[in-house]
file work.txt (compact mmCIF, C-alpha atoms)
# COMPACT_ATOMS: atom_id res chain seq x y z
CA MET A 1 -6.34 54.51 -204.23
CA LYS A 2 -9.06 56.79 -205.59
CA GLN A 3 -11.69 54.11 -204.98
CA LEU A 4 -10.56 53.69 -201.38
CA TYR A 5 -10.86 57.41 -200.76
CA GLU A 6 -14.31 57.35 -202.36
CA SER A 7 -15.33 54.52 -200.01
CA LEU A 8 -14.41 56.83 -197.10
CA GLY A 9 -16.58 59.64 -198.46
CA ILE A 10 -14.16 61.66 -200.59
CA SER A 11 -15.64 62.53 -203.97
CA LYS A 12 -13.69 62.25 -207.21
CA GLU A 13 -13.63 66.05 -207.57
CA VAL A 14 -12.16 66.66 -204.11
CA TYR A 15 -9.61 63.85 -204.46
CA GLU A 16 -8.35 65.08 -207.82
CA TYR A 17 -8.14 68.66 -206.58
CA GLY A 18 -5.98 67.50 -203.67
CA GLU A 19 -3.72 65.38 -205.88
CA GLY A 20 -3.08 68.33 -208.14
CA ILE A 21 -1.87 70.37 -205.19
CA LEU A 22 0.35 67.61 -203.82
CA GLU A 23 2.29 67.39 -207.06
CA ALA A 24 3.78 70.83 -206.39
CA LEU A 25 4.74 70.04 -202.77
CA LYS A 26 7.23 67.23 -203.31
CA GLU A 27 10.33 69.36 -202.77
CA ARG A 28 8.97 70.93 -199.59
CA PHE A 29 8.03 67.54 -198.21
CA ALA A 30 11.53 66.25 -198.95
CA ALA A 31 13.01 69.17 -196.97
CA ILE A 32 10.72 68.35 -194.04
CA ASP A 33 11.95 64.76 -194.11
CA GLU A 34 15.55 66.01 -193.93
CA THR A 35 14.75 68.09 -190.84
CA ALA A 36 13.03 65.08 -189.28
CA GLU A 37 16.13 62.99 -189.93
CA TYR A 38 18.34 65.62 -188.27
CA ASN A 39 16.08 65.83 -185.22
CA GLN A 40 15.73 62.06 -185.01
CA LEU A 41 19.50 61.71 -184.77
CA LYS A 42 19.56 64.50 -182.16
CA VAL A 43 17.07 62.60 -179.98
CA ILE A 44 18.92 59.29 -180.38
CA ALA A 45 22.18 60.99 -179.41
CA ALA A 46 20.50 62.44 -176.29
CA MET A 47 19.16 59.02 -175.29
CA GLN A 48 22.56 57.41 -175.76
CA LYS A 49 24.28 60.19 -173.81
CA ALA A 50 21.89 59.64 -170.89
CA HIS A 51 22.44 55.85 -170.98
CA VAL A 52 18.76 54.99 -171.35
CA SER A 53 18.23 51.36 -170.32
CA ALA A 54 15.32 48.93 -170.06
CA GLU A 55 15.18 49.69 -166.31
CA CYS A 56 14.11 53.23 -167.17
CA PHE A 57 10.70 51.91 -168.23
CA ASN A 58 9.84 50.49 -164.80
CA ALA A 59 7.04 52.10 -162.80
CA SER A 60 7.49 53.82 -159.45
CA SER A 61 4.84 54.65 -156.87
CA GLY A 62 4.36 56.63 -153.69
CA TYR A 63 6.96 59.33 -153.24
CA GLY A 64 8.90 58.21 -156.31
CA TYR A 65 12.29 58.59 -154.65
CA ASP A 66 15.25 57.54 -156.83
CA ASP A 67 13.07 56.96 -159.91
CA ILE A 68 15.79 56.20 -162.46
CA GLY A 69 13.39 56.38 -165.42
CA ARG A 70 12.07 59.81 -164.47
CA ASP A 71 15.50 61.25 -163.71
CA THR A 72 17.07 59.82 -166.87
CA LEU A 73 14.24 61.12 -169.04
CA GLU A 74 14.89 64.60 -167.71
CA GLU A 75 18.53 64.17 -168.68
CA VAL A 76 17.39 63.18 -172.18
CA TYR A 77 15.24 66.31 -172.57
CA ALA A 78 18.04 68.54 -171.29
CA ALA A 79 20.52 66.93 -173.71
CA ALA A 80 18.18 67.14 -176.71
CA PHE A 81 17.24 70.78 -176.03
CA HIS A 82 20.79 71.75 -174.94
CA THR A 83 19.78 73.01 -171.50
CA GLU A 84 21.25 72.55 -168.02
CA ALA A 85 18.18 70.80 -166.61
CA ALA A 86 14.63 69.72 -167.35
CA LEU A 87 11.43 68.89 -165.50
CA VAL A 88 9.34 66.27 -167.35
CA ARG A 89 6.44 64.92 -165.33
CA PRO A 90 3.03 63.24 -165.65
CA GLN A 91 1.95 65.45 -162.74
CA ILE A 92 2.02 68.39 -165.18
CA THR A 93 -1.48 68.13 -166.60
CA CYS A 94 -1.22 70.25 -169.76
CA GLY A 95 0.72 72.99 -171.49
CA THR A 96 -1.07 75.76 -169.60
CA HIS A 97 -0.20 74.03 -166.33
CA ALA A 98 3.47 73.79 -167.35
CA LEU A 99 3.53 77.50 -168.17
CA ALA A 100 1.76 78.37 -164.91
CA ILE A 101 4.34 76.37 -162.93
CA ALA A 102 7.25 78.02 -164.74
CA LEU A 103 5.81 81.49 -164.16
CA ALA A 104 4.73 81.02 -160.55
CA GLY A 105 7.98 79.32 -159.65
CA ASN A 106 10.11 82.16 -160.98
CA LEU A 107 8.07 85.24 -160.10
CA ARG A 108 7.64 86.86 -156.68
CA PRO A 109 5.31 89.58 -155.31
CA GLY A 110 6.30 92.92 -156.79
CA ASP A 111 7.79 91.39 -159.93
CA GLU A 112 6.51 92.24 -163.38
CA LEU A 113 5.79 89.75 -166.15
CA LEU A 114 6.27 91.26 -169.61
CA SER A 115 4.96 89.62 -172.77
CA ILE A 116 6.73 90.86 -175.90
CA SER A 117 4.68 88.85 -178.39
CA GLY A 118 1.37 90.52 -177.65
CA ARG A 119 -1.56 89.03 -175.81
CA PRO A 120 -0.85 85.47 -174.65
CA TYR A 121 -2.92 82.38 -175.40
CA ASP A 122 -6.46 82.53 -174.00
CA THR A 123 -5.96 80.03 -171.17
CA LEU A 124 -2.98 82.00 -169.83
CA GLU A 125 -5.11 85.11 -169.33
CA GLU A 126 -6.59 83.72 -166.13
CA VAL A 127 -3.22 82.38 -164.96
CA ILE A 128 -1.77 85.87 -165.25
CA GLY A 129 -4.88 87.70 -164.09
CA ILE A 130 -5.66 89.59 -167.29
CA ARG A 131 -9.07 88.06 -166.75
CA PRO A 132 -9.58 87.94 -162.97
CA SER A 133 -9.41 84.41 -161.63
CA CYS A 134 -8.90 82.73 -158.27
CA GLY A 135 -5.20 82.07 -157.65
CA SER A 136 -3.89 84.19 -160.52
CA LEU A 137 -0.44 85.76 -160.47
CA ALA A 138 -2.14 89.14 -160.04
CA GLU A 139 -3.60 87.98 -156.72
CA TYR A 140 -0.04 87.30 -155.55
CA GLY A 141 1.14 90.78 -156.45
CA VAL A 142 2.71 90.06 -159.83
CA THR A 143 2.00 92.80 -162.36
CA TYR A 144 1.68 92.34 -166.10
CA ALA A 145 2.59 94.38 -169.17
CA GLN A 146 2.80 93.58 -172.84
CA VAL A 147 4.32 94.85 -176.05
CA ASP A 148 2.39 94.00 -179.18
CA LEU A 149 4.09 92.74 -182.29
CA LEU A 150 4.40 95.12 -185.21
CA GLU A 151 1.95 94.88 -188.10
CA ASP A 152 4.28 92.58 -190.01
CA GLY A 153 4.45 90.18 -187.05
CA SER A 154 7.99 91.13 -185.99
CA PHE A 155 9.14 92.26 -182.55
CA ASP A 156 8.77 95.92 -181.61
CA TYR A 157 12.28 96.49 -180.29
CA GLU A 158 11.70 100.16 -179.52
CA GLY A 159 8.59 99.24 -177.54
CA ILE A 160 10.42 96.45 -175.72
CA GLU A 161 13.22 98.78 -174.63
CA LYS A 162 10.71 101.29 -173.30
CA ALA A 163 8.76 98.58 -171.46
CA LEU A 164 11.78 97.23 -169.57
CA ARG A 165 11.45 98.50 -166.00
CA PRO A 166 13.38 97.82 -162.78
CA GLN A 167 10.63 95.43 -161.61
CA THR A 168 10.59 93.48 -164.89
CA ARG A 169 11.62 90.00 -163.80
CA LEU A 170 10.44 87.63 -166.52
CA ILE A 171 9.77 88.08 -170.24
CA GLU A 172 7.39 85.69 -171.95
CA ILE A 173 7.52 84.94 -175.67
CA GLN A 174 4.80 82.86 -177.30
CA ARG A 175 6.23 81.07 -180.29
CA SER A 176 2.96 79.94 -181.84
CA LYS A 177 0.00 82.10 -182.73
CA GLY A 178 -2.76 80.79 -180.44
CA TYR A 179 -6.20 82.02 -181.52
CA GLN A 180 -4.67 84.84 -183.53
CA THR A 181 -3.88 85.16 -187.20
CA ARG A 182 -0.40 86.57 -186.75
CA PRO A 183 2.69 84.79 -188.07
CA THR A 184 4.34 82.21 -185.86
CA LEU A 185 7.74 83.38 -184.62
CA SER A 186 10.77 81.61 -186.01
CA VAL A 187 13.53 80.35 -183.74
CA ALA A 188 15.89 82.85 -185.38
CA GLN A 189 13.53 85.75 -184.61
CA ILE A 190 13.19 84.61 -181.02
CA GLY A 191 16.96 84.30 -180.76
CA GLU A 192 17.44 87.89 -181.94
CA ALA A 193 14.91 89.11 -179.37
CA ILE A 194 16.63 87.18 -176.57
CA ALA A 195 20.01 88.68 -177.52
CA PHE A 196 18.45 92.17 -177.56
CA ILE A 197 16.99 91.66 -174.08
CA LYS A 198 20.10 90.09 -172.55
CA GLU A 199 22.29 92.95 -173.79
CA ARG A 200 20.13 95.38 -171.83
CA ARG A 201 18.98 93.26 -168.91
CA PRO A 202 21.04 90.10 -168.41
CA ASP A 203 19.26 89.54 -165.09
CA VAL A 204 15.84 89.11 -166.73
CA ILE A 205 14.50 85.56 -167.23
CA VAL A 206 13.29 84.83 -170.76
CA MET A 207 10.68 82.08 -171.02
CA VAL A 208 9.45 80.77 -174.38
CA ASP A 209 6.08 79.07 -174.74
CA ASN A 210 7.34 76.41 -177.13
CA CYS A 211 4.01 74.63 -177.67
CA TYR A 212 3.49 73.31 -181.22
CA GLY A 213 7.03 74.28 -182.24
CA GLU A 214 9.26 71.46 -181.04
CA PHE A 215 11.18 69.68 -183.84
CA VAL A 216 9.67 71.82 -186.61
CA GLU A 217 13.10 73.41 -187.06
CA ARG A 218 16.56 72.02 -186.37
CA LEU A 219 17.15 74.42 -183.49
CA GLU A 220 15.04 75.35 -180.47
CA PRO A 221 14.84 78.67 -178.58
CA SER A 222 17.04 77.10 -175.89
CA ASP A 223 19.86 77.05 -178.46
CA PHE A 224 19.65 80.86 -178.36
CA ASP A 225 19.91 81.22 -174.57
CA ALA A 226 16.24 81.13 -173.59
CA ASP A 227 16.25 80.56 -169.82
CA MET A 228 13.21 78.29 -170.09
CA ILE A 229 11.30 76.58 -172.88
CA VAL A 230 7.97 75.10 -171.92
CA GLY A 231 5.54 72.72 -173.59
CA SER A 232 3.03 69.89 -173.41
CA LEU A 233 3.66 66.20 -173.95
CA ILE A 234 0.32 65.74 -175.70
CA LYS A 235 1.68 68.02 -178.40
CA ASN A 236 4.87 67.56 -180.44
CA PRO A 237 7.36 66.05 -177.95
CA GLY A 238 5.00 63.31 -176.77
CA GLY A 239 4.93 61.80 -180.25
CA GLY A 240 1.28 60.78 -179.84
CA LEU A 241 2.15 58.19 -177.18
CA ALA A 242 2.51 60.26 -174.00
CA PRO A 243 -0.89 60.04 -172.25
CA ILE A 244 -0.35 63.22 -170.19
CA GLY A 245 2.44 65.48 -169.09
CA GLY A 246 4.45 68.59 -169.72
CA TYR A 247 8.05 69.78 -169.66
CA ILE A 248 10.13 72.75 -168.59
CA ALA A 249 13.73 72.81 -169.84
CA GLY A 250 16.24 75.51 -169.08
CA THR A 251 18.78 76.76 -166.58
CA LYS A 252 19.27 74.75 -163.42
CA GLU A 253 18.00 77.59 -161.22
CA CYS A 254 14.82 78.22 -163.23
CA VAL A 255 13.96 74.53 -163.44
CA GLU A 256 14.56 74.00 -159.71
CA ARG A 257 12.28 76.90 -158.81
CA ALA A 258 9.59 75.47 -161.10
CA ALA A 259 10.00 72.05 -159.44
CA TYR A 260 9.46 73.58 -156.00
CA ARG A 261 6.22 75.06 -157.31
CA LEU A 262 5.11 71.76 -158.87
CA THR A 263 5.64 69.81 -155.65
CA CYS A 264 6.56 71.91 -152.62
CA PRO A 265 9.49 73.77 -151.07
CA GLY A 266 12.16 71.40 -149.81
CA LEU A 267 11.12 68.50 -152.05
CA GLY A 268 11.24 69.80 -155.63
CA LYS A 269 12.37 67.25 -158.21
CA GLU A 270 13.05 64.53 -155.64
CA VAL A 271 9.43 63.38 -155.50
CA GLY A 272 6.83 62.47 -158.11
CA ALA A 273 6.19 58.86 -159.06
CA SER A 274 6.22 57.94 -162.75
CA LEU A 275 3.20 55.61 -162.36
CA GLY A 276 4.05 53.38 -165.32
CA VAL A 277 4.08 56.00 -168.09
CA MET A 278 7.82 56.10 -168.66
CA ARG A 279 7.86 53.77 -171.66
CA SER A 280 5.29 55.97 -173.42
CA PHE A 281 7.26 59.10 -172.55
CA TYR A 282 10.53 57.71 -173.91
CA GLN A 283 9.06 56.11 -177.01
CA GLY A 284 6.93 59.15 -177.74
CA PHE A 285 9.96 61.44 -177.58
CA PHE A 286 11.82 59.03 -179.85
CA LEU A 287 9.01 59.20 -182.43
CA ALA A 288 8.39 62.94 -182.03
CA PRO A 289 10.58 64.19 -184.93
CA THR A 290 8.83 62.01 -187.54
CA VAL A 291 5.36 62.54 -186.05
CA THR A 292 5.95 66.31 -186.10
CA ALA A 293 7.04 66.03 -189.75
CA ALA A 294 3.77 64.29 -190.63
CA ALA A 295 1.76 67.04 -188.94
CA LEU A 296 3.83 69.71 -190.68
CA LYS A 297 3.11 68.18 -194.08
CA GLY A 298 -0.59 68.22 -193.25
CA ALA A 299 -0.44 71.90 -192.30
CA ILE A 300 1.30 72.85 -195.56
CA PHE A 301 -1.18 70.79 -197.58
CA ALA A 302 -4.11 72.49 -195.82
CA ALA A 303 -2.62 75.94 -196.48
CA ASN A 304 -2.36 75.27 -200.19
CA VAL A 305 -5.77 73.59 -200.46
CA TYR A 306 -7.59 76.56 -198.95
CA GLU A 307 -5.41 79.39 -200.21
CA ARG A 308 -6.10 78.37 -203.81
CA LEU A 309 -9.82 78.54 -203.07
CA GLY A 310 -9.48 82.20 -202.05
CA PHE A 311 -9.39 81.92 -198.25
CA LYS A 312 -6.85 83.77 -196.14
CA VAL A 313 -4.46 81.26 -194.60
CA VAL A 314 -1.76 81.87 -191.97
CA PRO A 315 0.96 80.89 -192.75
CA ASN A 316 0.35 81.14 -196.47
CA GLY A 317 0.99 78.26 -198.83
CA SER A 318 4.63 79.07 -199.58
CA GLU A 319 6.21 80.77 -196.56
CA SER A 320 8.55 79.02 -194.13
CA ARG A 321 7.02 77.07 -191.22
CA HIS A 322 7.81 77.42 -187.53
CA ASP A 323 5.00 75.43 -185.90
CA ILE A 324 2.43 72.80 -186.87
CA ILE A 325 -0.65 75.05 -186.66
CA GLN A 326 -2.49 76.16 -189.76
CA ALA A 327 -5.09 78.91 -189.54
CA VAL A 328 -7.79 79.33 -192.19
CA GLU A 329 -10.10 82.36 -192.07
CA PHE A 330 -13.57 81.58 -193.39
CA GLY A 331 -15.33 84.81 -192.45
CA PHE A 332 -18.59 82.97 -191.73
CA PRO A 333 -19.45 80.52 -188.92
CA GLU A 334 -20.64 77.73 -191.20
CA GLY A 335 -17.19 77.47 -192.76
CA LEU A 336 -15.59 76.95 -189.37
CA THR A 337 -18.13 74.34 -188.23
CA SER A 338 -18.10 72.46 -191.55
CA PHE A 339 -14.30 72.22 -191.48
CA CYS A 340 -14.40 70.76 -187.97
CA GLU A 341 -17.12 68.31 -188.99
CA GLY A 342 -14.81 67.03 -191.72
CA ILE A 343 -11.86 66.57 -189.38
CA GLN A 344 -14.06 64.64 -186.97
CA ALA A 345 -15.45 62.47 -189.75
CA ALA A 346 -11.91 61.45 -190.75
CA ALA A 347 -10.95 60.35 -187.24
CA PRO A 348 -10.25 56.74 -186.21
CA VAL A 349 -12.09 57.40 -182.92
CA ASP A 350 -15.59 58.94 -182.65
CA SER A 351 -15.82 59.52 -186.40
CA TYR A 352 -19.63 59.29 -186.16
CA VAL A 353 -19.84 62.24 -183.75
CA THR A 354 -20.79 65.75 -184.92
CA PRO A 355 -18.82 68.42 -183.02
CA GLU A 356 -20.81 71.29 -181.53
CA PRO A 357 -19.61 74.65 -180.15
CA TRP A 358 -19.59 74.91 -176.35
CA ALA A 359 -18.47 77.16 -173.51
CA MET A 360 -15.07 75.57 -172.92
CA PRO A 361 -13.36 76.50 -169.61
CA GLY A 362 -10.66 79.15 -169.98
CA TYR A 363 -12.10 80.78 -173.14
CA ASP A 364 -14.18 83.93 -173.55
CA SER A 365 -16.47 82.61 -176.31
CA ASP A 366 -17.95 79.32 -177.48
CA VAL A 367 -15.34 77.07 -179.05
CA ILE A 368 -15.81 74.20 -181.49
CA MET A 369 -13.28 71.39 -181.32
CA ALA A 370 -12.85 68.33 -183.53
CA ALA A 371 -10.60 65.52 -182.36
CA GLY A 372 -11.18 61.81 -182.65
CA ALA A 373 -8.05 61.16 -180.64
CA PHE A 374 -6.61 58.19 -178.81
CA ILE A 375 -5.63 60.61 -176.03
CA GLN A 376 -8.16 63.22 -174.95
CA GLY A 377 -7.14 66.70 -176.04
CA SER A 378 -4.02 65.52 -177.84
CA SER A 379 -3.31 68.17 -180.44
CA ILE A 380 -0.41 66.32 -182.05
CA GLU A 381 -3.20 64.01 -183.22
CA LEU A 382 -5.39 65.22 -186.08
CA SER A 383 -7.53 68.00 -184.63
CA ALA A 384 -9.06 71.37 -185.34
CA ASP A 385 -10.69 74.05 -183.26
CA GLY A 386 -11.64 77.68 -183.22
CA PRO A 387 -13.70 80.27 -181.35
CA LEU A 388 -17.15 81.11 -182.71
CA LYS A 389 -16.39 84.77 -183.30
CA PRO A 390 -15.08 86.84 -186.22
CA PRO A 391 -13.07 86.24 -188.34
CA TYR A 392 -14.31 82.63 -187.84
CA ALA A 393 -10.86 81.17 -188.23
CA VAL A 394 -10.17 77.48 -187.75
CA TYR A 395 -6.87 76.30 -186.30
CA PHE A 396 -5.83 72.93 -187.71
CA GLN A 397 -2.99 70.86 -186.34
CA GLY A 398 -1.65 67.37 -185.90
CA GLY A 399 -1.76 64.04 -187.63
CA LEU A 400 0.29 61.15 -186.29
CA THR A 401 0.81 60.04 -189.89
CA TRP A 402 0.82 62.01 -193.12
CA PRO A 403 -1.88 59.82 -194.75
CA HIS A 404 -4.25 60.55 -191.87
CA ALA A 405 -3.56 64.27 -192.06
CA LYS A 406 -4.23 64.15 -195.80
CA LEU A 407 -7.54 62.34 -195.31
CA GLY A 408 -8.64 64.84 -192.68
CA ILE A 409 -7.96 67.84 -194.91
CA LEU A 410 -9.74 66.28 -197.87
CA MET A 411 -12.70 65.42 -195.65
CA SER A 412 -12.88 68.99 -194.34
CA LEU A 413 -12.98 70.20 -197.94
CA GLN A 414 -15.59 67.56 -198.78
CA LYS A 415 -17.97 68.92 -196.11
CA LEU A 416 -17.55 72.47 -197.38
CA TYR A 417 -18.02 71.29 -200.97
CA GLU A 418 -21.17 69.33 -200.20
CA LYS A 419 -22.75 72.33 -198.43
CA GLY A 420 -21.96 74.67 -201.29
CA HIS A 421 -19.47 76.79 -199.34
CA VAL A 422 -16.72 76.26 -201.93
CA THR A 423 -16.52 75.77 -205.67
CA LEU A 424 -13.68 73.65 -206.94
CA PRO A 425 -11.78 74.78 -210.03
CA VAL A 426 -12.57 72.88 -213.21
CA LYS A 427 -9.81 70.43 -214.04
CA GLN A 428 -7.99 71.35 -217.22
CA GLN A 429 -7.89 68.61 -219.86

call {"tool": "encode", "arguments": {"input": "work.txt", "output": "structure tokens"}}
result
Amino acid sequence: MKQLYESLGISKEVYEYGEGILEALKERFAAIDETAEYNQLKVIAAMQKAHVSAECFNASSGYGYDDIGRDTLEEVYAAAFHTEAALVRPQITCGTHALAIALAGNLRPGDELLSISGRPYDTLEEVIGIRPSCGSLAEYGVTYAQVDLLEDGSFDYEGIEKALRPQTRLIEIQRSKGYQTRPTLSVAQIGEAIAFIKERRPDVIVMVDNCYGEFVERLEPSDFDADMIVGSLIKNPGGGLAPIGGYIAGTKECVERAAYRLTCPGLGKEVGASLGVMRSFYQGFFLAPTVTAAALKGAIFAANVYERLGFKVVPNGSESRHDIIQAVEFGFPEGLTSFCEGIQAAAPVDSYVTPEPWAMPGYDSDVIMAAGAFIQGSSIELSADGPLKPPYAVYFQGGLTWPHAKLGILMSLQKLYEKGHVTLPVKQQ
């Protein structure tokens, strides 16, 4: 095994350092496998409940009326996430698009959108109008307010109560950290916040940006009465097979309003051809629990690899996990770029390419991204990215299999080691 890793560019020193760390992670990895087993059975039960059949994999075209595969898949998502309804479509281009549809479909001029987990992910800033953009919610008369998390990463309940106003119509909670180094919110924390809000304002819609969190835990925010959970199919729930798409799962009313925004008033969920992607959507969702487990193992391995070398990692190497993203703060730009070079070098696709920072649409600084993926932009596949600005943190996620995630992390360390950015501890005899 060591020789094979060496043939792929991993030195003896890096390999042995990694193996020493893995020895201490066996119990945690076993617990992850148990969660994957639970979620796998949950997905199978949802598919059986919805009577998934071979006919569901057939393609539809044109208007897509009476598309049994599309409609049944939405039943599967609703059953798995314990919601009244779901919208799962290839016409939803990405996670940001899914969130934009959910927001625009459920907000009206004069309403206020309140974020209680601080500033939202960068690409949502233009959707909301925090950064002025054509077609933003602000241009349609929707106002925005936010309550930052407390220093320990928990909800500011006093601040939330003060921020609730008569015009507050929808509360947004971002489960994952985005380009921040705050803790990811657990499902239990989100559930407590939802209960707090509903006690005071049962009329307010609570939407959870669930990206990167699906199947990491046994429960989802929808199990705690979130009105909508929203995500991308090229992240966890697509299982690495979905070529495009997003989902919105929640109450019947919220999902219907989102569907009218996705298509148009009067048509809603009735139109939208599946275009031959249904098999990938079903099979990807079936594989999602075990694929998510592989990515989660990679994130924990990365946390321990870099924490023991003295870097700040979020989450740290021992705390509980609530999404698949691992942040590592390098404090200098070369650390960020070298890490991404290593992830790219470990990829099955475009491994010979050197990633370079660029002005990516939707971001306020140059961003470097590494992803030799089968599906462009798929962040359930092994990938890493980060903005070229202090604290020069890299955000690592994905890995369709644990061995690939392991190789990527070792290769990232190899690049840093070769350039003299890290010194490995001397192995004790």

call {"tool": "atom_distance", "arguments": {"input": "work.txt", "atom1": "atom CA of Pro391 of chain A", "atom2": "atom CA of Val313 of chain A"}}
result
11.8 Å

call {"tool": "closest_residue", "arguments": {"input": "work.txt", "among": "A:Phe286, A:Leu164, A:Pro403, A:Leu25", "to": "Ala46 of chain A", "atoms": "all atoms listed in the file"}}
result
A:Phe286

call {"tool": "closest_atom_pairs", "arguments": {"input": "work.txt", "of": "segment 243-285 of chain A", "to": "segment 374-384 of chain A", "cutoff": "12 Å", "atoms": "all atoms listed in the file", "output": "tab-separated table"}}
result
residue	atom	partner	partner_atom	distance
A:Pro243	CA	A:Ile375	CA	6.1
A:Ile244	CA	A:Ile375	CA	8.3
A:Gly245	CA	A:Ser378	CA	10.9
A:Gly284	CA	A:Ile380	CA	11.1

call {"tool": "residues_around", "arguments": {"input": "work.txt", "residues": "Tyr140 of chain A", "least_positions_apart": "2", "cutoff": "10 Å", "atoms": "all atoms listed in the file", "output": "PyMOL selection string"}}
result
chain A and resi 104+107-111+128-129+135-138+142-143

call {"tool": "closest_residue", "arguments": {"input": "work.txt", "among": "A:Gln146, A:Ser280, A:Asn39, A:Gln167", "to": "Phe81 of chain A", "atoms": "all atoms listed in the file"}}
result
A:Asn39

call {"tool": "residues_around", "arguments": {"input": "work.txt", "residues": "Leu114 of chain A", "least_positions_apart": "4", "cutoff": "7 Å", "atoms": "only C-alpha atoms", "output": "PDB file with C-alpha atoms, in the frame of the given file"}}
result
ATOM      1  CA  TYR A 144       1.680  92.340-166.100  1.00  0.00           C
ATOM      2  CA  ALA A 145       2.590  94.380-169.170  1.00  0.00           C
ATOM      3  CA  GLN A 146       2.800  93.580-172.840  1.00  0.00           C
ATOM      4  CA  THR A 168      10.590  93.480-164.890  1.00  0.00           C
ATOM      5  CA  LEU A 170      10.440  87.630-166.520  1.00  0.00           C
ATOM      6  CA  ILE A 171       9.770  88.080-170.240  1.00  0.00           C
ATOM      7  CA  GLU A 172       7.390  85.690-171.950  1.00  0.00           C
TER       8      GLU A 172
END

call {"tool": "closest_residue", "arguments": {"input": "work.txt", "among": "A:Thr354, A:Gln40, A:Ser222, A:Ser176", "to": "Phe285 of chain A", "atoms": "all atoms listed in the file"}}
result
A:Gln40

call {"tool": "residues_around", "arguments": {"input": "work.txt", "residues": "Ile160 of chain A", "least_positions_apart": "2", "cutoff": "9 Å", "atoms": "all atoms listed in the file", "output": "list of chain:residue names"}}
result
A:Ile116, A:Gln146, A:Val147, A:Phe155, A:Asp156, A:Tyr157, A:Glu158, A:Lys162, A:Ala163, A:Leu164, A:Ile197

call {"tool": "write_last_selection", "arguments": {"input": "work.txt", "atoms": "C-alpha atoms", "output": "compact mmCIF listing (two decimals), keeping the file's coordinate frame"}}
result
# COMPACT_ATOMS: atom_id res chain seq x y z
CA ILE A 116 6.73 90.86 -175.90
CA GLN A 146 2.80 93.58 -172.84
CA VAL A 147 4.32 94.85 -176.05
CA PHE A 155 9.14 92.26 -182.55
CA ASP A 156 8.77 95.92 -181.61
CA TYR A 157 12.28 96.49 -180.29
CA GLU A 158 11.70 100.16 -179.52
CA LYS A 162 10.71 101.29 -173.30
CA ALA A 163 8.76 98.58 -171.46
CA LEU A 164 11.78 97.23 -169.57
CA ILE A 197 16.99 91.66 -174.08

call {"tool": "atom_distance", "arguments": {"input": "work.txt", "atom1": "atom CA of Ser186 of chain A", "atom2": "atom CA of Gln326 of chain A"}}
result
14.8 Å

call {"tool": "atom_distance", "arguments": {"input": "work.txt", "atom1": "atom CA of Val349 of chain A", "atom2": "atom CA of Ala373 of chain A"}}
result
6.0 Å

call {"tool": "closest_residue", "arguments": {"input": "work.txt", "among": "A:Leu388, A:Met278, A:Cys134, A:Leu87", "to": "Glu55 of chain A", "atoms": "all atoms listed in the file"}}
result
A:Met278

call {"tool": "residues_around", "arguments": {"input": "work.txt", "residues": "Ile68 of chain A", "least_positions_apart": "3", "cutoff": "8 Å", "atoms": "only C-alpha atoms", "output": "ChimeraX atom specification"}}
result
/A:55-56,71-72

call {"tool": "write_last_selection", "arguments": {"input": "work.txt", "atoms": "C-alpha atoms", "output": "compact mmCIF listing (two decimals), in the coordinates of the input"}}
result
# COMPACT_ATOMS: atom_id res chain seq x y z
CA GLU A 55 15.18 49.69 -166.31
CA CYS A 56 14.11 53.23 -167.17
CA ASP A 71 15.50 61.25 -163.71
CA THR A 72 17.07 59.82 -166.87
